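Encoded as structure tokens, the structure appears first; notes follow it.
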Protein chains: 2
Amino acid sequence: MGKKFKTRYQIPFYESDANHNVKLPHILSVALQIASDQSVSLGLGDERIFKDYNLVWVVSEHEVIIDRLPRFNEIVEIETEPISYNRYFCYREFRIYDQNGEKLVDIFSTFVLMDYDTRRVHDVPEDLVAPYESEKIRKILRGPKYKALEKATDTLYHVRYFDLDINGHVNNSRYLEWMYDVLDFNFLKAYTPKKINLKYVKEVQYGSDIESRLEQDGLITKHEITSNGYVNAQAITQWEKI
Amino acid sequence: MGKKFKTRYQIPFYESDANHNVKLPHILSVALQIASDQSVSLGLGDERIFKDYNLVWVVSEHEVIIDRLPRFNEIVEIETEPISYNRYFCYREFRIYDQNGEKLVDIFSTFVLMDYDTRRVHDVPEDLVAPYESEKIRKILRGPKYKALEKATDTLYHVRYFDLDINGHVNNSRYLEWMYDVLDFNFLKAYTPKKINLKYVKEVQYGSDIESRLEQDGLITKHEITSNGYVNAQAITQWEKI
């Protein structure tokens, strides 16, 4: 439907985990980088839309479906396609393929445009999205309902200097790192994620401590990142025995 | 002197810091990846030397001289050259150039080969290093003396799941992250590292807490990472006002 953009990527040593798989937060970082690269290739890089529209792209939600995680040293093809948009939301898919063309991972992501000064969501300007050739729809596509966690265990984390990105905000990938880290090491060695829904609610500020909250019910884990009494991010993950 | 190997690299968004510079630990990770890529290109990848010799490469020391840190989105050339070796140590240089051919960063690194079973340093086998065409020397090249820190401030860190690499050890880049993180945010915004000496003494085990110890004397910072009463890594950094 929309214009596709594809990149070849080799999983580096320093982004591979103890199971020899890519670290999942890294895959989300690489995906966002590729979306940004596509925008640059269309003359719509972040600097341009900031200068011309005073807007910045913000990801609000991901749904990740994993058949198999790319492995250490593996060369994969990562394809992205802007699928559709409505008044406020732009929907984009990422697909990761192995060297035989088998699909390994599917990521469905929701983006909004935020006004830099007001920090509020802005209508999607037609001329800004036209070059992506994605479909205009009326429907708002929603992720799952994330219920507040009521019997969660809480683990405290301090926001670190290198958690911040060039905007001085906590980088998107850190939320998932905090969520993963509270799981038991033996669980992470024996189980692999099959489906993850992740919602970004509110940016974490530097200098804050955060709580990574966990409720585990068999092969379903539910997560919240909270700070100063607010929910910053929520996730639901389905796991499978390796 | 030795065989050179070169790669083009673009600094990604998610590895850029609040000053819009590359995160320094990331540069060390990328450098080690390129050294590994050169070994693979010579038929001497990690799997081969593990299978044929029961050995693994371990970096023991870095000296990093920084003229300017590569910036967000900048495309750089990273060159590596195995310079020389003696009975136990192999010395390798990394040079990072901008698009005009100006050198930005110089890294001088010391590697040893460790026997996988005994975890002890092994003599460098002549046939294993011959393809790199580096010079055999008698001299042992030493970094600075790292004196024990006597009036340091200590900050506690917990080793996280994603700190581990595929060997289940704490990834090299994490030590420098812990060292950076204890510095004041305003200091990190206003000063940039010019020279770093970093020595890896003893691996940190998963499940440990570590202390990041700091002594600051004007534009010189001295660092130790310790756990369970042992020193794991030491560093001395010289800073300059941005």
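Each chain in the structure tokens gets a letter, A, B, ..., in the order shown, and its residues are numbered from 1; ligands are numbered from 1 in order too.
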Can you tell me, as number ranges by chain, what residues are no more than 10 Å from stretch 221-227 of chain B when counting only C-alpha atoms, ignoring any on the same chain fewer than 3 positions away? B: 146-149, 152-157, 175-176, 178-180, 182-183, 193, 196-205, 208-218, 230-239
Restricted to N, CA and C atoms, what would the selected residues look like written as a short mmCIF file (atom, residue, chain, number, x, y, z; two decimals), in the first residue's frame?
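Written out: result22.cif:
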```cif
data_model
loop_
_atom_site.label_atom_id
_atom_site.label_comp_id
_atom_site.auth_asym_id
_atom_site.auth_seq_id
_atom_site.Cartn_x
_atom_site.Cartn_y
_atom_site.Cartn_z
N TYR B 146 47.65 2.56 37.45
CA TYR B 146 46.37 2.94 38.06
C TYR B 146 46.52 2.75 39.56
N LYS B 147 46.65 3.83 40.28
CA LYS B 147 46.75 3.70 41.75
C LYS B 147 45.38 3.40 42.34
N ALA B 148 45.35 2.64 43.42
CA ALA B 148 44.09 2.37 44.11
C ALA B 148 43.47 3.68 44.57
N LEU B 149 42.17 3.80 44.43
CA LEU B 149 41.48 5.04 44.81
C LEU B 149 41.27 5.04 46.33
N ALA B 152 37.49 7.81 47.22
CA ALA B 152 36.49 7.77 46.16
C ALA B 152 35.07 7.82 46.73
N THR B 153 34.14 8.34 45.91
CA THR B 153 32.72 8.16 46.20
C THR B 153 32.26 6.88 45.51
N ASP B 154 31.36 6.15 46.14
CA ASP B 154 30.92 4.84 45.63
C ASP B 154 29.45 4.90 45.24
N THR B 155 29.11 4.36 44.09
CA THR B 155 27.70 4.26 43.69
C THR B 155 27.43 2.81 43.30
N LEU B 156 26.33 2.29 43.84
CA LEU B 156 26.00 0.89 43.63
C LEU B 156 25.20 0.68 42.34
N TYR B 157 25.55 -0.32 41.56
CA TYR B 157 24.78 -0.72 40.37
C TYR B 157 24.53 -2.22 40.41
N TYR B 175 31.21 -1.35 31.52
CA TYR B 175 32.10 -0.79 32.55
C TYR B 175 32.20 0.72 32.37
N LEU B 176 32.38 1.13 31.12
CA LEU B 176 32.50 2.55 30.82
C LEU B 176 31.17 3.28 31.08
N TRP B 178 29.02 2.51 33.49
CA TRP B 178 28.95 2.70 34.94
C TRP B 178 29.89 3.83 35.37
N MET B 179 31.05 3.92 34.72
CA MET B 179 32.02 4.98 35.08
C MET B 179 31.48 6.36 34.74
N TYR B 180 30.90 6.48 33.55
CA TYR B 180 30.31 7.75 33.12
C TYR B 180 29.16 8.16 34.04
N VAL B 182 28.31 8.00 37.05
CA VAL B 182 28.46 8.62 38.38
C VAL B 182 28.91 10.07 38.27
N LEU B 183 29.24 10.52 37.06
CA LEU B 183 29.60 11.93 36.89
C LEU B 183 28.34 12.78 36.87
N PRO B 193 35.37 14.14 26.89
CA PRO B 193 36.61 13.40 27.17
C PRO B 193 37.63 13.61 26.05
N ILE B 196 41.27 8.70 27.36
CA ILE B 196 40.78 7.72 28.32
C ILE B 196 41.71 6.52 28.33
N ASN B 197 42.17 6.14 29.50
CA ASN B 197 42.86 4.86 29.66
C ASN B 197 41.95 3.96 30.47
N LEU B 198 41.72 2.78 29.95
CA LEU B 198 40.75 1.86 30.55
C LEU B 198 41.36 0.47 30.61
N LYS B 199 41.35 -0.13 31.79
CA LYS B 199 41.95 -1.45 31.96
C LYS B 199 40.92 -2.42 32.52
N TYR B 200 40.78 -3.57 31.86
CA TYR B 200 39.89 -4.62 32.35
C TYR B 200 40.72 -5.57 33.19
N VAL B 201 40.34 -5.75 34.44
CA VAL B 201 41.16 -6.55 35.35
C VAL B 201 40.55 -7.93 35.57
N LYS B 202 39.23 -7.95 35.80
CA LYS B 202 38.57 -9.20 36.20
C LYS B 202 37.10 -9.12 35.80
N GLU B 203 36.58 -10.16 35.20
CA GLU B 203 35.19 -10.14 34.74
C GLU B 203 34.19 -10.00 35.90
N VAL B 204 33.15 -9.23 35.67
CA VAL B 204 32.05 -9.15 36.63
C VAL B 204 31.10 -10.31 36.36
N GLN B 205 30.66 -10.96 37.41
CA GLN B 205 29.72 -12.09 37.27
C GLN B 205 28.28 -11.60 37.34
N SER B 208 25.97 -10.26 40.54
CA SER B 208 26.73 -9.37 41.44
C SER B 208 26.14 -7.96 41.40
N ASP B 209 26.34 -7.24 42.49
CA ASP B 209 26.23 -5.79 42.42
C ASP B 209 27.64 -5.27 42.24
N ILE B 210 27.76 -4.13 41.60
CA ILE B 210 29.08 -3.53 41.46
C ILE B 210 29.06 -2.13 42.07
N GLU B 211 30.24 -1.65 42.44
CA GLU B 211 30.40 -0.26 42.86
C GLU B 211 31.14 0.47 41.76
N SER B 212 30.62 1.62 41.36
CA SER B 212 31.35 2.49 40.45
C SER B 212 31.97 3.58 41.31
N ARG B 213 33.30 3.54 41.43
CA ARG B 213 34.03 4.42 42.35
C ARG B 213 34.67 5.56 41.56
N LEU B 214 34.60 6.74 42.12
CA LEU B 214 35.05 7.95 41.41
C LEU B 214 35.89 8.85 42.30
N GLU B 215 37.02 9.28 41.76
CA GLU B 215 37.79 10.37 42.36
C GLU B 215 37.95 11.43 41.30
N GLN B 216 37.53 12.64 41.59
CA GLN B 216 37.61 13.69 40.58
C GLN B 216 38.55 14.79 41.07
N ASP B 217 39.50 15.15 40.21
CA ASP B 217 40.46 16.20 40.55
C ASP B 217 40.48 17.15 39.36
N GLY B 218 39.60 18.13 39.39
CA GLY B 218 39.49 19.08 38.28
C GLY B 218 39.09 18.37 37.00
N TYR B 230 36.86 -7.22 44.86
CA TYR B 230 37.88 -7.20 43.82
C TYR B 230 37.72 -5.99 42.91
N VAL B 231 38.82 -5.55 42.34
CA VAL B 231 38.76 -4.53 41.30
C VAL B 231 38.49 -5.22 39.97
N ASN B 232 37.47 -4.78 39.26
CA ASN B 232 37.14 -5.36 37.95
C ASN B 232 37.68 -4.54 36.78
N ALA B 233 37.70 -3.23 36.96
CA ALA B 233 38.20 -2.37 35.88
C ALA B 233 38.64 -1.04 36.49
N GLN B 234 39.56 -0.38 35.78
CA GLN B 234 40.10 0.90 36.23
C GLN B 234 40.19 1.85 35.04
N ALA B 235 40.04 3.12 35.30
CA ALA B 235 40.17 4.08 34.19
C ALA B 235 40.64 5.43 34.70
N ILE B 236 41.28 6.16 33.81
CA ILE B 236 41.67 7.55 34.04
C ILE B 236 41.22 8.34 32.82
N THR B 237 40.47 9.42 33.05
CA THR B 237 39.97 10.21 31.92
C THR B 237 40.38 11.68 32.08
N GLN B 238 40.81 12.26 30.96
CA GLN B 238 41.07 13.70 30.92
C GLN B 238 39.95 14.37 30.14
N TRP B 239 39.41 15.44 30.72
CA TRP B 239 38.27 16.14 30.12
C TRP B 239 38.66 17.54 29.68
#
```
Counting only C-alpha atoms, a student should be able to say which residues of chain B come within 10 Å of chain A; what is the right answer, written as a PyMOL selection string? chain B and resi 12-26+29-30+32-34+36+72+157-169+171-173+177-178+180-185+188+206-207
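Taking only stretch 2-32 of chain A, the residues that DSSP calls strand (DSSP E or B) from the backbone come to Phe5, Lys6, Thr7, Arg8, Tyr9, Gln10, Ser16, Asn21 and Val22 of chain A.
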Write out the residues from the selection above, keeping all heavy atoms, as a PDB file, in the first residue's frame.
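Dumped everything to again.pdb:
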```pdb
ATOM      1  N   PHE A   5      10.575   0.368   2.095  1.00  0.00           N
ATOM      2  CA  PHE A   5      11.980   0.748   2.240  1.00  0.00           C
ATOM      3  C   PHE A   5      12.664  -0.413   2.955  1.00  0.00           C
ATOM      4  O   PHE A   5      12.147  -0.938   3.932  1.00  0.00           O
ATOM      5  CB  PHE A   5      12.052   2.036   3.075  1.00  0.00           C
ATOM      6  CG  PHE A   5      13.428   2.618   3.204  1.00  0.00           C
ATOM      7  CD1 PHE A   5      13.922   3.517   2.259  1.00  0.00           C
ATOM      8  CD2 PHE A   5      14.239   2.284   4.291  1.00  0.00           C
ATOM      9  CE1 PHE A   5      15.183   4.078   2.398  1.00  0.00           C
ATOM     10  CE2 PHE A   5      15.504   2.835   4.417  1.00  0.00           C
ATOM     11  CZ  PHE A   5      15.985   3.729   3.475  1.00  0.00           C
ATOM     12  N   LYS A   6      13.804  -0.831   2.444  1.00  0.00           N
ATOM     13  CA  LYS A   6      14.409  -2.072   2.923  1.00  0.00           C
ATOM     14  C   LYS A   6      15.885  -1.882   3.248  1.00  0.00           C
ATOM     15  O   LYS A   6      16.595  -1.147   2.542  1.00  0.00           O
ATOM     16  CB  LYS A   6      14.300  -3.100   1.793  1.00  0.00           C
ATOM     17  CG  LYS A   6      14.287  -4.530   2.253  1.00  0.00           C
ATOM     18  CD  LYS A   6      14.042  -5.448   1.057  1.00  0.00           C
ATOM     19  CE  LYS A   6      13.091  -6.578   1.396  1.00  0.00           C
ATOM     20  NZ  LYS A   6      12.859  -7.475   0.280  1.00  0.00           N
ATOM     21  N   THR A   7      16.357  -2.522   4.286  1.00  0.00           N
ATOM     22  CA  THR A   7      17.769  -2.463   4.680  1.00  0.00           C
ATOM     23  C   THR A   7      18.241  -3.853   5.094  1.00  0.00           C
ATOM     24  O   THR A   7      17.484  -4.634   5.662  1.00  0.00           O
ATOM     25  CB  THR A   7      17.947  -1.500   5.880  1.00  0.00           C
ATOM     26  OG1 THR A   7      17.533  -0.198   5.494  1.00  0.00           O
ATOM     27  CG2 THR A   7      19.385  -1.437   6.342  1.00  0.00           C
ATOM     28  N   ARG A   8      19.505  -4.111   4.825  1.00  0.00           N
ATOM     29  CA  ARG A   8      20.155  -5.351   5.244  1.00  0.00           C
ATOM     30  C   ARG A   8      20.828  -5.043   6.569  1.00  0.00           C
ATOM     31  O   ARG A   8      21.416  -3.972   6.746  1.00  0.00           O
ATOM     32  CB  ARG A   8      21.199  -5.663   4.165  1.00  0.00           C
ATOM     33  CG  ARG A   8      21.846  -6.996   4.211  1.00  0.00           C
ATOM     34  CD  ARG A   8      22.675  -7.149   2.913  1.00  0.00           C
ATOM     35  NE  ARG A   8      23.577  -8.276   3.000  1.00  0.00           N
ATOM     36  CZ  ARG A   8      24.767  -8.233   3.605  1.00  0.00           C
ATOM     37  NH1 ARG A   8      25.215  -7.122   4.134  1.00  0.00           N
ATOM     38  NH2 ARG A   8      25.526  -9.313   3.665  1.00  0.00           N
ATOM     39  N   TYR A   9      20.752  -5.954   7.522  1.00  0.00           N
ATOM     40  CA  TYR A   9      21.332  -5.681   8.841  1.00  0.00           C
ATOM     41  C   TYR A   9      21.919  -6.950   9.424  1.00  0.00           C
ATOM     42  O   TYR A   9      21.282  -8.003   9.420  1.00  0.00           O
ATOM     43  CB  TYR A   9      20.252  -5.100   9.776  1.00  0.00           C
ATOM     44  CG  TYR A   9      20.824  -4.605  11.075  1.00  0.00           C
ATOM     45  CD1 TYR A   9      21.590  -3.440  11.108  1.00  0.00           C
ATOM     46  CD2 TYR A   9      20.626  -5.295  12.266  1.00  0.00           C
ATOM     47  CE1 TYR A   9      22.141  -2.986  12.291  1.00  0.00           C
ATOM     48  CE2 TYR A   9      21.169  -4.842  13.462  1.00  0.00           C
ATOM     49  CZ  TYR A   9      21.932  -3.682  13.462  1.00  0.00           C
ATOM     50  OH  TYR A   9      22.483  -3.239  14.634  1.00  0.00           O
ATOM     51  N   GLN A  10      23.135  -6.821   9.947  1.00  0.00           N
ATOM     52  CA  GLN A  10      23.767  -7.976  10.597  1.00  0.00           C
ATOM     53  C   GLN A  10      23.752  -7.762  12.107  1.00  0.00           C
ATOM     54  O   GLN A  10      24.150  -6.697  12.600  1.00  0.00           O
ATOM     55  CB  GLN A  10      25.203  -8.133  10.093  1.00  0.00           C
ATOM     56  CG  GLN A  10      25.874  -9.386  10.665  1.00  0.00           C
ATOM     57  CD  GLN A  10      27.131  -9.774   9.920  1.00  0.00           C
ATOM     58  OE1 GLN A  10      27.714  -8.976   9.189  1.00  0.00           O
ATOM     59  NE2 GLN A  10      27.552 -11.025  10.104  1.00  0.00           N
ATOM     60  N   SER A  16      23.700  -8.939  21.193  1.00  0.00           N
ATOM     61  CA  SER A  16      23.200 -10.311  21.273  1.00  0.00           C
ATOM     62  C   SER A  16      23.163 -10.735  22.730  1.00  0.00           C
ATOM     63  O   SER A  16      24.029 -10.354  23.518  1.00  0.00           O
ATOM     64  CB  SER A  16      24.107 -11.243  20.470  1.00  0.00           C
ATOM     65  OG  SER A  16      24.186 -10.798  19.119  1.00  0.00           O
ATOM     66  N   ASN A  21      20.525 -14.660  20.870  1.00  0.00           N
ATOM     67  CA  ASN A  21      19.531 -13.944  20.064  1.00  0.00           C
ATOM     68  C   ASN A  21      19.773 -12.446  20.158  1.00  0.00           C
ATOM     69  O   ASN A  21      20.380 -11.963  21.122  1.00  0.00           O
ATOM     70  CB  ASN A  21      18.117 -14.224  20.593  1.00  0.00           C
ATOM     71  CG  ASN A  21      17.724 -15.665  20.415  1.00  0.00           C
ATOM     72  OD1 ASN A  21      18.092 -16.314  19.426  1.00  0.00           O
ATOM     73  ND2 ASN A  21      16.978 -16.197  21.378  1.00  0.00           N
ATOM     74  N   VAL A  22      19.266 -11.714  19.185  1.00  0.00           N
ATOM     75  CA  VAL A  22      19.341 -10.259  19.281  1.00  0.00           C
ATOM     76  C   VAL A  22      18.582  -9.809  20.533  1.00  0.00           C
ATOM     77  O   VAL A  22      17.568 -10.402  20.923  1.00  0.00           O
ATOM     78  CB  VAL A  22      18.750  -9.597  18.013  1.00  0.00           C
ATOM     79  CG1 VAL A  22      17.247  -9.808  17.900  1.00  0.00           C
ATOM     80  CG2 VAL A  22      19.085  -8.118  17.966  1.00  0.00           C
TER      81      VAL A  22
END
```
Which residues, written as an MDAnalysis selection string, have at least one atom at most 6 Å from A:Cys90, with only C-alpha atoms counted and residues fewer than 4 positions away on the same chain left out? chainID A and resid 85 110:111
Residue subset to file, keeping C-alpha atoms, as a short mmCIF file (atom, residue, chain, number, x, y, z; two decimals), in the first residue's frame:
```cif
data_model
loop_
_atom_site.label_atom_id
_atom_site.label_comp_id
_atom_site.auth_asym_id
_atom_site.auth_seq_id
_atom_site.Cartn_x
_atom_site.Cartn_y
_atom_site.Cartn_z
CA TYR A 85 -3.09 7.07 8.66
CA THR A 110 1.64 3.61 15.79
CA PHE A 111 3.17 7.06 15.46
#
```
I'd like the neighbourhood of A:Gly43 as a VMD selection string, where a residue qualifies if any of its atoms comes within 12 Å (using only C-alpha atoms), though same-chain residues fewer than 5 positions away should be ignored. chain A and resid 36 to 38 48 to 49 52 128 to 132
Got a sec to tell me which of stretch 43-240 of chain A DSSP assigns to helix (DSSP H, G or I), as JSON, numbers by chain? {"A": [46, 47, 48, 49, 50, 51, 52, 53, 126, 127, 128, 129, 130, 131, 132, 161, 162, 163, 172, 173, 174, 175, 176, 177, 178, 179, 180, 181, 185, 186, 187, 188, 189, 190]}
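Within 10 Å of A:Tyr91, once only C-alpha atoms are used and residues closer than 3 positions along the same chain are dropped, the contacting residues are Val59, Glu61, His62, Glu81, Pro82, Ile83, Ser84, Tyr85, Asn86, Phe108, Ser109, Thr110, Phe111, Val112, Ser134, Glu135, Ile140 and Leu141 of chain A.
Distance annotation: of A:Leu55, A:Val124, A:Val170, A:Leu28, the residue with the minimal separation from A:Lys136 is A:Val124; atom set is only C-alpha atoms.
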